[in-house]
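K.L.:
Below is the structure I would like to discuss, written out as structure tokens.
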Amino acid sequence: MTSDDRLAAIHARIATAARAARRDPAGVTLVAVSKTQDAAAIRPLLATGHRDFGENRVQEAQAKWPALRDEFEGVRLHLVGQLQSNKAADAVALADAIHSVDRASLVTALARAMEASGRRPDCFVQVNIGEEEQKGGCAIGALPALLAEARAADLPVAGLMCVPPAGIEPAPYFALLAKIARDSGMAGLSMGMSDDVEQAVMLGATHVRVGSALFGPRA
Ligand SMILES: *Cc1c(COP(=O)(O)O)cnc(C)c1O
């Protein structure tokens, strides 16, 4: 399959799920997660006109994207991986959206970097929706306090993000994240990956993060 075919297939999956949920497919942003992919793998997707891309490591994104941005206008870069506070300034300089805000120290570091640079990437607060030991994300119980901190720091919070537990049905977790977002008055929902785009879109995802279904398996 070509990049065109793969992209069309994902857009078709999004459209089918959106229609089933009586949603407008245009309300779902497809973030092509290009982590581990080199410029040669990314370029064909850019050539189709696709512009939203996701990376999970700041350093890798810094190495790949400035040159690609020179070649293709209008790229929107989404950071989807765990972020160290000492990378906050680099993240703010590089990204148009940060999907992994998960603790107060990072809120502070991002707010400071935004103040200094004047750039204000959309922020999603990542929730550890399955309450897993080793997983990134803010605990559900700690979310109200973190959201209050983010608002006090004037962070542009667009919504919530989650990565549900692997290997089990994700829909209950997506539904829970959607409910928490609704209760907190937030519209953005970053959820759904290659294997569960449909469930996520039916349950309200505004951003799906798709890697392997677009690029093939990662090395
Ligand atoms: C890698 C990654 C994705 C994409 O996963 P696929 O299963 O390849 O679609 C989505 N979100 C995050 C946070 C990731 O790290």
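Every chain in the structure tokens takes a letter, A first, then B, and so on in the order presented; its residues are numbered from 1, and the ligands are numbered from 1 following the presented order.
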Step by step, measure atom-to-atom distances between ligand 1 and each residue using only C-alpha atoms and all ligand atoms, keep those at most 12 Å, then write them as a ChimeraX atom specification.
P.N.:
/A:10,30-37,53-57,78-83,98-101,124,126-128,135-137,161-164,166-167,190-197,207-219
K.L.:
List every residue of stretch 63-117 of chain A that DSSP, applied to the backbone of this structure, assigns to helix (DSSP H, G or I), and report them as an MDAnalysis selection string.
P.N.:
chainID A and resid 63:71 85:94 104:117
K.L.:
Calculate how many Å separate atom CA of A:Ala41 from atom CA of A:Ala17, rounding to one decimal.
P.N.:
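Calculated distance between atom CA of A:Ala41 and atom CA of A:Ala17 is 27.6 Å.
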K.L.:
Contacts of stretch 155-158 of chain A at 12 Å or less, counting only C-alpha atoms, minus same-chain residues fewer than 5 places along, as a ChimeraX atom specification?
P.N.:
/A:92,96-102,104,106-115,118-126,146-150,181,184-190,206-207
